[in-house]
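Asks: coords-v5.cif is the file, holding mmCIF, C-alpha atoms and all ligand atoms:
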```cif
data_my_file
loop_
_atom_site.label_atom_id
_atom_site.label_comp_id
_atom_site.auth_asym_id
_atom_site.auth_seq_id
_atom_site.Cartn_x
_atom_site.Cartn_y
_atom_site.Cartn_z
CA MET Y 1 -42.24 20.86 -4.56
CA GLU Y 2 -39.78 18.05 -4.98
CA LYS Y 3 -38.70 18.47 -1.37
CA ASN Y 4 -42.30 18.19 -0.20
CA PHE Y 5 -42.76 15.00 -2.13
CA LYS Y 6 -39.66 13.49 -0.57
CA GLN Y 7 -40.77 14.45 2.92
CA GLN Y 8 -44.17 12.92 2.28
CA LEU Y 9 -42.63 9.77 0.91
CA MET Y 10 -40.35 9.49 3.91
CA GLY Y 11 -43.30 10.04 6.20
CA TYR Y 12 -45.19 7.21 4.55
CA MET Y 13 -42.47 4.74 5.12
CA ALA Y 14 -43.33 3.44 8.54
CA GLY Y 15 -40.36 2.79 10.78
CA ASN Y 16 -37.99 4.83 8.69
CA PHE Y 17 -35.20 6.56 10.60
CA THR Y 18 -35.31 10.30 11.15
CA CYS Y 19 -32.25 12.43 10.35
CA LYS Y 20 -31.42 12.62 14.05
CA GLU Y 21 -31.61 8.87 14.46
CA VAL Y 22 -29.34 8.50 11.45
CA ALA Y 23 -26.81 10.83 13.07
CA GLN Y 24 -27.05 8.97 16.38
CA LEU Y 25 -26.70 5.54 14.80
CA ILE Y 26 -24.09 6.32 12.20
CA THR Y 27 -21.24 4.64 14.08
CA GLU Y 28 -23.31 1.49 14.60
CA TYR Y 29 -23.86 1.47 10.84
CA LEU Y 30 -20.21 2.09 9.96
CA GLU Y 31 -19.03 -0.50 12.47
CA GLY Y 32 -21.30 -3.11 10.93
CA SER Y 33 -23.34 -3.77 14.04
CA PHE Y 34 -26.74 -3.20 12.43
CA SER Y 35 -29.32 -5.90 11.89
CA LEU Y 36 -30.47 -6.41 8.32
CA SER Y 37 -33.72 -4.51 8.89
CA GLN Y 38 -31.90 -1.58 10.50
CA ARG Y 39 -29.53 -1.49 7.54
CA VAL Y 40 -32.41 -1.42 5.07
CA ARG Y 41 -34.14 1.41 6.94
CA PHE Y 42 -30.88 3.33 7.18
CA GLN Y 43 -30.16 2.95 3.50
CA MET Y 44 -33.71 3.92 2.56
CA HIS Y 45 -33.25 7.16 4.43
CA MET Y 46 -29.88 7.70 2.75
CA GLY Y 47 -31.45 7.26 -0.66
CA LEU Y 48 -33.80 10.15 -0.02
CA CYS Y 49 -31.80 12.54 2.12
CA LEU Y 50 -28.85 14.51 0.76
CA ALA Y 51 -27.98 16.02 4.16
CA CYS Y 52 -27.59 12.60 5.75
CA ARG Y 53 -25.65 11.31 2.74
CA ASN Y 54 -23.28 14.23 3.25
CA TYR Y 55 -23.09 13.51 6.96
CA LEU Y 56 -22.24 9.87 6.32
CA ARG Y 57 -19.53 10.87 3.87
CA GLN Y 58 -18.17 13.38 6.39
CA MET Y 59 -17.94 10.66 9.02
CA LYS Y 60 -16.13 8.36 6.61
CA TYR Y 61 -13.70 11.16 5.75
CA THR Y 62 -13.17 11.85 9.44
CA VAL Y 63 -12.24 8.22 10.04
CA ALA Y 64 -9.96 8.21 6.97
CA THR Y 65 -8.27 11.41 8.11
CA LEU Y 66 -7.61 9.98 11.56
CA GLY Y 67 -6.08 6.92 9.92
CA GLN Y 68 -3.59 9.11 8.11
CA LEU Y 69 -2.40 11.18 11.04
CA PRO Y 70 1.39 11.20 11.15
CA THR Y 71 2.89 9.00 13.86
CA GLU Y 72 3.95 10.56 17.11
CA PRO Y 73 7.66 11.37 16.86
CA VAL Y 74 9.77 9.48 19.41
CA PRO Y 75 12.85 11.45 20.50
CA PRO Y 76 16.20 9.83 19.56
CA GLU Y 77 17.30 9.90 23.23
CA VAL Y 78 14.38 7.68 24.14
CA LYS Y 79 15.29 5.21 21.40
CA GLU Y 80 18.93 5.29 22.44
CA ALA Y 81 18.04 4.67 26.07
CA LEU Y 82 15.90 1.76 24.97
CA MET Y 83 18.66 0.17 22.93
CA ASN Y 84 20.94 0.45 25.96
CA ARG Y 85 18.35 -1.22 28.15
CA PHE Y 86 17.97 -3.89 25.47
CA ARG Y 87 21.72 -4.62 25.52
CA THR Y 88 21.74 -4.82 29.31
CA TRP Y 89 18.76 -7.18 29.19
CA LYS Y 90 20.48 -9.36 26.62
CA LYS Y 91 23.66 -9.59 28.69
CA GLU Y 92 21.67 -10.62 31.75
CA GLN Y 93 19.73 -13.14 29.65
CA SER Y 94 22.83 -14.84 28.33
CA SER Y 95 24.41 -15.05 31.78
CA GLU Y 96 21.20 -16.58 33.19
CA ASN Y 97 20.65 -18.96 30.26
CA PRO Y 98 23.94 -19.86 28.61
CA PRO Y 99 23.45 -20.65 24.89
CA SER Y 100 24.49 -24.30 25.42
CA ASP Y 101 21.44 -24.77 27.63
CA SER Y 102 18.97 -25.44 24.82
CA HIS Y 103 15.46 -26.69 25.51
CA MET S 1 9.20 -26.04 20.27
CA SER S 2 5.69 -25.06 19.28
CA LEU S 3 6.58 -21.95 17.33
CA PHE S 4 6.16 -23.52 13.91
CA LEU S 5 2.67 -24.71 14.70
CA TRP S 6 1.24 -21.29 15.28
CA PRO S 7 -1.80 -20.66 13.15
CA TRP S 8 -0.64 -17.60 11.30
CA PRO S 9 -1.22 -17.52 7.59
CA SER S 10 2.15 -17.66 5.90
CA SER S 11 1.16 -14.68 3.78
CA LEU S 12 1.13 -12.44 6.84
CA PHE S 13 4.37 -10.59 6.75
CA VAL S 14 5.55 -7.72 8.82
CA ALA S 15 7.88 -5.59 6.75
CA LEU S 16 10.22 -3.69 8.97
CA GLY S 17 12.42 -0.88 7.86
CA VAL S 18 15.95 -1.12 9.14
CA PRO S 19 17.33 2.38 8.72
CA THR S 20 20.98 1.50 9.13
CA LEU S 21 20.85 -1.24 6.52
CA HIS S 22 18.79 0.75 3.99
CA ASP S 23 16.87 -2.41 3.51
CA THR S 24 13.82 -4.13 4.83
CA ILE S 25 13.65 -7.45 6.55
CA GLN S 26 10.53 -9.51 6.12
CA LEU S 27 9.38 -11.64 8.97
CA ASP S 28 6.08 -13.28 9.70
CA GLU S 29 4.92 -12.76 13.28
CA ALA S 30 6.25 -16.09 14.45
CA GLY S 31 9.65 -15.21 12.99
CA LEU S 32 9.53 -11.84 14.63
CA VAL S 33 8.70 -13.29 18.03
CA GLN S 34 11.45 -15.90 17.69
CA ALA S 35 13.97 -13.22 16.79
CA LEU S 36 12.97 -11.21 19.85
CA GLN S 37 13.24 -14.30 22.04
CA ARG S 38 16.76 -14.84 20.68
CA GLY S 39 17.57 -11.23 21.54
CA ASP S 40 18.21 -10.21 17.93
CA GLU S 41 19.27 -6.58 18.16
CA THR S 42 18.49 -5.66 14.54
CA VAL S 43 14.97 -6.99 14.82
CA PHE S 44 14.39 -5.35 18.20
CA SER S 45 15.61 -2.03 16.85
CA ALA S 46 13.37 -2.31 13.78
CA VAL S 47 10.27 -3.36 15.72
CA MET S 48 10.88 -0.59 18.22
CA GLU S 49 11.20 1.97 15.39
CA GLU S 50 8.03 0.64 13.80
CA TYR S 51 5.73 0.71 16.82
CA SER S 52 7.06 3.24 19.33
CA GLY S 53 5.19 6.17 17.77
CA SER S 54 1.90 4.29 18.04
CA LEU S 55 2.67 3.27 21.60
CA LEU S 56 3.56 6.84 22.55
CA ARG S 57 0.31 8.17 21.09
CA LEU S 58 -1.71 5.66 23.09
CA ALA S 59 0.33 6.22 26.25
CA MET S 60 -0.45 9.93 26.16
CA SER S 61 -4.13 9.12 26.57
CA PHE S 62 -3.45 7.55 29.97
CA VAL S 63 -0.83 9.72 31.64
CA PRO S 64 -0.64 13.46 32.23
CA SER S 65 2.51 14.35 30.34
CA ARG S 66 4.53 13.45 27.31
CA ALA S 67 7.58 12.77 29.47
CA VAL S 68 5.72 10.20 31.54
CA ALA S 69 4.28 8.71 28.34
CA GLU S 70 7.80 8.26 26.97
CA GLU S 71 8.76 6.42 30.16
CA VAL S 72 5.71 4.20 29.80
CA VAL S 73 6.78 3.35 26.26
CA GLN S 74 10.22 2.33 27.53
CA GLU S 75 8.67 0.23 30.29
CA THR S 76 6.43 -1.38 27.69
CA TRP S 77 9.39 -2.51 25.60
CA MET S 78 11.07 -3.94 28.69
CA GLY S 79 7.80 -5.75 29.39
CA VAL S 80 7.89 -7.09 25.84
CA LEU S 81 11.39 -8.49 26.33
CA GLU S 82 10.43 -10.04 29.66
CA GLY S 83 7.22 -11.50 28.29
CA VAL S 84 8.07 -12.50 24.76
CA GLY S 85 9.14 -15.97 25.88
CA ARG S 86 5.57 -16.60 26.97
CA PHE S 87 3.89 -14.97 23.95
CA GLU S 88 1.56 -17.59 22.51
CA GLY S 89 0.15 -15.79 19.51
CA ARG S 90 -3.43 -15.83 20.71
CA SER S 91 -3.63 -12.21 19.63
CA SER S 92 -1.65 -10.33 17.02
CA PHE S 93 1.72 -8.99 18.08
CA LYS S 94 0.45 -5.41 17.81
CA THR S 95 -2.56 -6.12 20.05
CA TRP S 96 -0.27 -7.78 22.56
CA LEU S 97 1.98 -4.69 22.53
CA PHE S 98 -0.97 -2.37 23.09
CA ARG S 99 -2.19 -4.52 25.96
CA ILE S 100 1.17 -4.43 27.70
CA LEU S 101 1.25 -0.68 27.23
CA THR S 102 -2.29 -0.28 28.55
CA ASN S 103 -1.51 -2.25 31.70
CA ARG S 104 1.65 -0.28 32.38
CA ALA S 105 0.00 3.03 31.55
CA LYS S 106 -2.98 2.34 33.83
CA THR S 107 -0.66 1.58 36.74
CA ARG S 108 1.33 4.67 36.00
CA GLY S 109 -1.72 6.84 35.38
CA THR S 110 -3.25 5.80 38.71
CA ARG S 111 -0.04 6.72 40.47
CA GLU S 112 0.00 10.08 38.65
CA LYS S 113 -3.69 10.51 39.58
CA ARG S 114 -4.79 10.72 36.00
CA TYR S 115 -6.23 7.41 35.03
CA VAL S 116 -9.71 6.68 36.38
CA PRO S 117 -10.76 3.08 35.81
CA PHE S 118 -13.84 2.41 33.75
CA GLY S 119 -17.00 1.91 35.75
CA LEU S 120 -16.42 4.27 38.63
CA PRO S 121 -19.03 6.96 39.25
CA GLY S 122 -18.13 10.22 37.63
CA SER S 123 -15.50 8.63 35.46
CA ASP S 124 -17.41 9.09 32.23
CA SER S 125 -17.56 5.30 32.26
CA ASP S 126 -20.30 4.91 29.71
CA GLY S 127 -18.98 7.74 27.63
CA ASP S 128 -21.88 9.82 28.75
CA ASP S 129 -20.59 13.33 29.06
CA GLY S 130 -23.84 15.20 28.89
CA PRO S 131 -26.86 15.31 26.61
CA SER S 132 -26.75 13.66 23.22
CA LEU S 133 -24.11 15.24 21.01
CA GLU S 134 -26.62 15.24 18.21
CA ASP S 135 -28.99 17.60 20.02
CA SER S 136 -26.99 20.61 18.92
CA LEU S 137 -27.11 19.52 15.29
CA PHE S 138 -30.90 19.55 15.04
CA VAL S 139 -33.73 22.01 15.39
CA THR S 140 -35.35 21.30 18.74
CA GLU S 141 -38.61 23.28 18.50
CA GLY S 142 -41.10 24.72 16.06
CA SER S 143 -42.16 23.40 12.70
CA GLY S 144 -38.62 22.44 11.74
CA GLU S 145 -38.20 20.21 14.80
CA GLY S 146 -36.03 17.21 14.14
CA HIS S 147 -34.50 18.68 10.99
CA TRP S 148 -30.83 19.45 10.54
CA ALA S 149 -30.14 22.91 12.00
CA ASP S 150 -27.29 23.38 9.54
CA PRO S 151 -27.61 20.62 6.95
CA PRO S 152 -24.25 18.90 6.41
CA GLN S 153 -22.53 20.06 3.26
CA GLY S 154 -20.35 18.12 0.92
CA TRP S 155 -16.72 18.02 1.93
CA GLU S 156 -13.82 18.25 -0.47
CA ALA S 157 -13.34 14.90 -2.14
CA ASP S 158 -9.70 14.74 -1.06
CA THR S 159 -10.48 15.53 2.56
CA PRO S 160 -8.09 13.20 4.39
CA GLU S 161 -5.01 14.29 2.44
CA ARG S 162 -6.08 17.90 2.26
CA ALA S 163 -6.88 18.20 5.94
CA LEU S 164 -3.51 16.88 6.99
CA LEU S 165 -1.61 19.04 4.53
CA SER S 166 -2.75 22.05 6.51
CA LYS S 167 -0.73 22.29 9.69
CA GLU S 168 -3.46 24.33 11.30
CA CYS S 169 -6.05 21.66 10.60
CA ARG S 170 -3.75 18.84 11.73
CA LEU S 171 -3.17 20.63 15.02
CA ALA S 172 -6.90 21.19 15.41
CA ILE S 173 -7.51 17.46 14.99
CA GLU S 174 -4.76 16.58 17.47
CA GLU S 175 -6.19 19.08 19.93
CA ALA S 176 -9.67 17.67 19.46
CA ILE S 177 -8.33 14.20 20.26
CA SER S 178 -6.35 15.28 23.30
CA GLY S 179 -9.35 17.23 24.58
CA LEU S 180 -11.56 14.13 24.65
CA PRO S 181 -12.33 12.29 27.89
CA ASP S 182 -9.56 9.69 28.35
CA ASN S 183 -11.62 6.63 27.48
CA GLN S 184 -13.00 8.22 24.30
CA ARG S 185 -9.48 9.22 23.37
CA GLN S 186 -8.19 5.70 23.94
CA VAL S 187 -10.90 4.14 21.82
CA ILE S 188 -10.61 6.53 18.87
CA THR S 189 -6.81 6.29 18.96
CA LEU S 190 -6.90 2.53 18.79
CA ARG S 191 -9.80 2.18 16.35
CA ASP S 192 -9.30 5.01 13.87
CA VAL S 193 -5.71 6.16 14.21
CA GLU S 194 -4.17 2.70 14.67
CA GLY S 195 -6.79 0.63 12.87
CA VAL S 196 -7.23 -1.97 15.62
CA SER S 197 -10.41 -4.06 15.33
CA ALA S 198 -13.31 -3.35 17.69
CA GLU S 199 -13.02 -6.82 19.18
CA GLU S 200 -9.34 -6.37 19.96
CA ILE S 201 -10.01 -2.97 21.53
CA CYS S 202 -12.52 -4.51 23.94
CA ASN S 203 -9.83 -6.98 24.85
CA ILE S 204 -7.08 -4.37 25.25
CA LEU S 205 -9.15 -1.92 27.31
CA SER S 206 -11.39 -4.50 29.05
CA ILE S 207 -14.64 -2.86 27.95
CA SER S 208 -17.83 -4.18 26.40
CA GLU S 209 -18.54 -3.90 22.68
CA THR S 210 -21.48 -1.59 23.29
CA ASN S 211 -19.38 0.67 25.48
CA GLN S 212 -16.65 0.66 22.86
CA ARG S 213 -19.08 1.84 20.18
CA VAL S 214 -20.62 4.54 22.36
CA LEU S 215 -17.19 5.96 23.18
CA LEU S 216 -16.12 5.75 19.54
CA HIS S 217 -19.29 7.47 18.37
CA ARG S 218 -18.88 10.36 20.76
CA ALA S 219 -15.22 10.78 19.88
CA ARG S 220 -15.82 10.65 16.12
CA THR S 221 -18.72 13.09 16.35
CA LYS S 222 -16.51 15.63 18.10
CA VAL S 223 -13.59 15.23 15.70
CA ARG S 224 -15.94 15.56 12.71
CA ARG S 225 -17.21 18.85 14.08
CA VAL S 226 -13.67 20.19 14.39
CA LEU S 227 -12.74 19.06 10.89
CA ASP S 228 -15.86 20.50 9.23
CA PRO S 229 -14.83 24.16 8.79
CA TYR S 230 -11.50 23.17 7.22
CA VAL S 231 -12.91 21.03 4.43
CA ARG S 232 -16.36 22.44 3.66
CA GLY S 233 -17.49 23.22 0.17
CA GLY S 234 -17.01 20.09 -1.91
CA ASN S 235 -20.35 20.20 -3.71
CA LYS S 236 -19.53 23.22 -5.82
ZN ZN Y 301 -31.74 12.69 6.77
#
```
Step by step, read the file and then write its structure as structure tokens.
Ligand SMILES: [Zn+2]
Replies:
Amino acid sequence: MEKNFKQQLMGYMAGNFTCKEVAQLITEYLEGSFSLSQRVRFQMHMGLCLACRNYLRQMKYTVATLGQLPTEPVPPEVKEALMNRFRTWKKEQSSENPPSDSH
Amino acid sequence: MSLFLWPWPSSLFVALGVPTLHDTIQLDEAGLVQALQRGDETVFSAVMEEYSGSLLRLAMSFVPSRAVAEEVVQETWMGVLEGVGRFEGRSSFKTWLFRILTNRAKTRGTREKRYVPFGLPGSDSDGDDGPSLEDSLFVTEGSGEGHWADPPQGWEADTPERALLSKECRLAIEEAISGLPDNQRQVITLRDVEGVSAEEICNILSISETNQRVLLHRARTKVRRVLDPYVRGGNK
């Protein structure tokens, strides 16, 4: 009964987003590229639809999880090789531009 | 010397861990760039430690193997040393790093026949790899048309931490990312894993904002689907 009422109410609101549109536009919403009227319509749908509220929260959690992925381990040999290349570069630099030659 | 005139807020500090000193050095970006221009080994070592993991992750989205990606990271740092004298601070240091890496990785990826430039036919240039990803989430016929086929459930409230605590789930996420089309993988890596702004990503990858969002949306939708079974059941 309550569900029917909600569906009716959502139907009455002209221009409201459907669940599928919400799912398709969710990144636009999260990335802040909505117009004011789109945002209002989106939030109206959210207010009435638990499934879409869950979906939005899932997307936010997905983004948060990605942000906490551990960094890619860089092998020590690669770092060592880099430091050696750095030292070579520095030697070449100082022979090309002696320190006395200040600009 | 124009270094001191650069418009960085003085509150912007980059804290770098220096493992050998068991200490951190604090430098604003201008200080960091100056130190690199001077050839300061401690600073180079610290900056390299700080960013190489991020660079490697991004490099792997352009080239076919981890070994080649590691070479690209090395080439990137050499590019940094060669170019740091001309760095003008028009972008953040991190964005500049990612751009150098992207340029090197594209060159390398083309040579290794992996990287396909945006905009070529069949290159997934608009992120369009088939029908809408949402189609499978909704009922397509009958009275329930347009409704969620399997209405999204609540996820555990501590999802990000919880998901990554499980090795199985972490691997699934990494696999989901590496299985994405290259350009989707590049965008989600920069935006969500590295936290680069959308505007900077367009600049780094030379793509439009709309394209950036389409690629991001497709990538996020796929990763969400992979994550779902691991963290379902929060509303109990
Ligand atoms: Zn809905």
Asks: With all atoms listed in the file as the basis for distance, which of S:Lys106, S:Arg66, S:Arg111, S:Ile204 is at the shortest distance from chain Y?
Replies: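 Between S:Lys106, S:Arg66, S:Arg111, S:Ile204, the residue approaching chain Y most closely is S:Arg66.
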Asks: For chain Y, which residue among S:Phe62, S:Phe87, S:Tyr230, S:Phe138 is the nearest when counting all atoms listed in the file?
Replies: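 For chain Y, the nearest of the given residues is S:Phe138.
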Asks: Give me, as a PyMOL selection string, the set of residues whose atoms come within 12 Å of any atom of ligand ZN 301 (chain Y), counting all atoms listed in the file.
Replies: (chain Y and resi 6-7+10-11+16-26+41-56) or (chain S and resi 137-138+146-152)
Asks: Filtering to C-alpha atoms, could you give me those residues as a PDB file, in the frame of the given file?
Replies:
```pdb
ATOM      1  CA  LYS Y   6     -39.660  13.490  -0.570  1.00  0.00           C
ATOM      2  CA  GLN Y   7     -40.770  14.450   2.920  1.00  0.00           C
ATOM      3  CA  MET Y  10     -40.350   9.490   3.910  1.00  0.00           C
ATOM      4  CA  GLY Y  11     -43.300  10.040   6.200  1.00  0.00           C
ATOM      5  CA  ASN Y  16     -37.990   4.830   8.690  1.00  0.00           C
ATOM      6  CA  PHE Y  17     -35.200   6.560  10.600  1.00  0.00           C
ATOM      7  CA  THR Y  18     -35.310  10.300  11.150  1.00  0.00           C
ATOM      8  CA  CYS Y  19     -32.250  12.430  10.350  1.00  0.00           C
ATOM      9  CA  LYS Y  20     -31.420  12.620  14.050  1.00  0.00           C
ATOM     10  CA  GLU Y  21     -31.610   8.870  14.460  1.00  0.00           C
ATOM     11  CA  VAL Y  22     -29.340   8.500  11.450  1.00  0.00           C
ATOM     12  CA  ALA Y  23     -26.810  10.830  13.070  1.00  0.00           C
ATOM     13  CA  GLN Y  24     -27.050   8.970  16.380  1.00  0.00           C
ATOM     14  CA  LEU Y  25     -26.700   5.540  14.800  1.00  0.00           C
ATOM     15  CA  ILE Y  26     -24.090   6.320  12.200  1.00  0.00           C
ATOM     16  CA  ARG Y  41     -34.140   1.410   6.940  1.00  0.00           C
ATOM     17  CA  PHE Y  42     -30.880   3.330   7.180  1.00  0.00           C
ATOM     18  CA  GLN Y  43     -30.160   2.950   3.500  1.00  0.00           C
ATOM     19  CA  MET Y  44     -33.710   3.920   2.560  1.00  0.00           C
ATOM     20  CA  HIS Y  45     -33.250   7.160   4.430  1.00  0.00           C
ATOM     21  CA  MET Y  46     -29.880   7.700   2.750  1.00  0.00           C
ATOM     22  CA  GLY Y  47     -31.450   7.260  -0.660  1.00  0.00           C
ATOM     23  CA  LEU Y  48     -33.800  10.150  -0.020  1.00  0.00           C
ATOM     24  CA  CYS Y  49     -31.800  12.540   2.120  1.00  0.00           C
ATOM     25  CA  LEU Y  50     -28.850  14.510   0.760  1.00  0.00           C
ATOM     26  CA  ALA Y  51     -27.980  16.020   4.160  1.00  0.00           C
ATOM     27  CA  CYS Y  52     -27.590  12.600   5.750  1.00  0.00           C
ATOM     28  CA  ARG Y  53     -25.650  11.310   2.740  1.00  0.00           C
ATOM     29  CA  ASN Y  54     -23.280  14.230   3.250  1.00  0.00           C
ATOM     30  CA  TYR Y  55     -23.090  13.510   6.960  1.00  0.00           C
ATOM     31  CA  LEU Y  56     -22.240   9.870   6.320  1.00  0.00           C
TER      32      LEU Y  56
ATOM     33  CA  LEU S 137     -27.110  19.520  15.290  1.00  0.00           C
ATOM     34  CA  PHE S 138     -30.900  19.550  15.040  1.00  0.00           C
ATOM     35  CA  GLY S 146     -36.030  17.210  14.140  1.00  0.00           C
ATOM     36  CA  HIS S 147     -34.500  18.680  10.990  1.00  0.00           C
ATOM     37  CA  TRP S 148     -30.830  19.450  10.540  1.00  0.00           C
ATOM     38  CA  ALA S 149     -30.140  22.910  12.000  1.00  0.00           C
ATOM     39  CA  ASP S 150     -27.290  23.380   9.540  1.00  0.00           C
ATOM     40  CA  PRO S 151     -27.610  20.620   6.950  1.00  0.00           C
ATOM     41  CA  PRO S 152     -24.250  18.900   6.410  1.00  0.00           C
TER      42      PRO S 152
END
```
Asks: One decimal, in Å: what's the spacing between atom CA of Gly53 of chain S and atom CA of Val74 of chain Y?
Replies: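 Rounded to one decimal, the two atoms are 5.9 Å apart.
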Asks: Within 6 Å of chain S, which residues belong to chain Y? Use all atoms listed in the file and report them as a PyMOL selection string.
Replies: chain Y and resi 27+51+54-55+62-67+71-74
Asks: How would the residues just chosen look if you wrote them out with C-alpha atoms as a PDB file, in the frame of the given file?
Replies:
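And here is the file that came out, part.pdb:
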```pdb
ATOM      1  CA  THR Y  27     -21.240   4.640  14.080  1.00  0.00           C
ATOM      2  CA  ALA Y  51     -27.980  16.020   4.160  1.00  0.00           C
ATOM      3  CA  ASN Y  54     -23.280  14.230   3.250  1.00  0.00           C
ATOM      4  CA  TYR Y  55     -23.090  13.510   6.960  1.00  0.00           C
ATOM      5  CA  THR Y  62     -13.170  11.850   9.440  1.00  0.00           C
ATOM      6  CA  VAL Y  63     -12.240   8.220  10.040  1.00  0.00           C
ATOM      7  CA  ALA Y  64      -9.960   8.210   6.970  1.00  0.00           C
ATOM      8  CA  THR Y  65      -8.270  11.410   8.110  1.00  0.00           C
ATOM      9  CA  LEU Y  66      -7.610   9.980  11.560  1.00  0.00           C
ATOM     10  CA  GLY Y  67      -6.080   6.920   9.920  1.00  0.00           C
ATOM     11  CA  THR Y  71       2.890   9.000  13.860  1.00  0.00           C
ATOM     12  CA  GLU Y  72       3.950  10.560  17.110  1.00  0.00           C
ATOM     13  CA  PRO Y  73       7.660  11.370  16.860  1.00  0.00           C
ATOM     14  CA  VAL Y  74       9.770   9.480  19.410  1.00  0.00           C
TER      15      VAL Y  74
END
```
Asks: Measuring between all atoms listed in the file, which one of S:Ala67, S:Thr76, S:Lys94, S:Pro181 shows the shortest distance to Leu82 of chain Y?
Replies: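 Smallest separation from Leu82 of chain Y among the options: S:Thr76.
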Asks: Would you compute the distance between atom CA of Tyr29 of chain Y and atom CA of Asn203 of chain S? Give it in Å to one decimal.
Replies: 21.6 Å
Asks: For Ala35 of chain S, list every protein, DNA or RNA residue within 12 Å, evaluated using all atoms listed in the file, and leave out those in the same chain fewer than 4 positions away; present the list as a list in words.
Replies: Leu3, Ile25, Gln26, Leu27, Asp28, Glu29, Ala30, Gly31, Gly39, Asp40, Glu41, Thr42, Val43, Phe44, Ser45, Ala46, Val47, Leu81, Val84 and Gly85 of chain S
Asks: Rounded to one decimal in Å, what is the spacing between atom CA of Arg185 of chain S and atom CA of Met60 of chain S?
Replies: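 Between atom CA of Arg185 of chain S and atom CA of Met60 of chain S the gap works out to 9.5 Å.
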Asks: Give me segment 184-198 of chain S with N, CA and C atoms filled in, as a tab-separated table (two decimals), in the coordinates of the input.
Replies:
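Just written: result_1.tsv:
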```tsv
chain	number	residue	atom	x	y	z
S	184	GLN	N	-12.67	7.96	25.70
S	184	GLN	CA	-13.00	8.22	24.30
S	184	GLN	C	-11.73	8.36	23.47
S	185	ARG	N	-10.76	9.02	24.06
S	185	ARG	CA	-9.48	9.22	23.37
S	185	ARG	C	-8.78	7.89	23.11
S	186	GLN	N	-8.83	7.01	24.12
S	186	GLN	CA	-8.19	5.70	23.94
S	186	GLN	C	-8.86	4.91	22.83
S	187	VAL	N	-10.18	4.93	22.82
S	187	VAL	CA	-10.90	4.14	21.82
S	187	VAL	C	-10.68	4.68	20.41
S	188	ILE	N	-10.76	5.99	20.23
S	188	ILE	CA	-10.61	6.53	18.87
S	188	ILE	C	-9.15	6.39	18.39
S	189	THR	N	-8.22	6.48	19.33
S	189	THR	CA	-6.81	6.29	18.96
S	189	THR	C	-6.59	4.88	18.45
S	190	LEU	N	-7.10	3.92	19.19
S	190	LEU	CA	-6.90	2.53	18.79
S	190	LEU	C	-7.68	2.20	17.51
S	191	ARG	N	-8.94	2.59	17.47
S	191	ARG	CA	-9.80	2.18	16.35
S	191	ARG	C	-9.45	2.91	15.06
S	192	ASP	N	-9.42	4.24	15.11
S	192	ASP	CA	-9.30	5.01	13.87
S	192	ASP	C	-7.88	5.42	13.52
S	193	VAL	N	-7.09	5.76	14.52
S	193	VAL	CA	-5.71	6.16	14.21
S	193	VAL	C	-4.86	4.91	13.96
S	194	GLU	N	-5.01	3.90	14.80
S	194	GLU	CA	-4.17	2.70	14.67
S	194	GLU	C	-4.83	1.55	13.92
S	195	GLY	N	-6.11	1.66	13.66
S	195	GLY	CA	-6.79	0.63	12.87
S	195	GLY	C	-6.94	-0.73	13.55
S	196	VAL	N	-7.02	-0.73	14.88
S	196	VAL	CA	-7.23	-1.97	15.62
S	196	VAL	C	-8.71	-2.36	15.54
S	197	SER	N	-9.01	-3.65	15.45
S	197	SER	CA	-10.41	-4.06	15.33
S	197	SER	C	-11.16	-3.79	16.64
S	198	ALA	N	-12.48	-3.63	16.52
S	198	ALA	CA	-13.31	-3.35	17.69
S	198	ALA	C	-13.15	-4.44	18.73
```
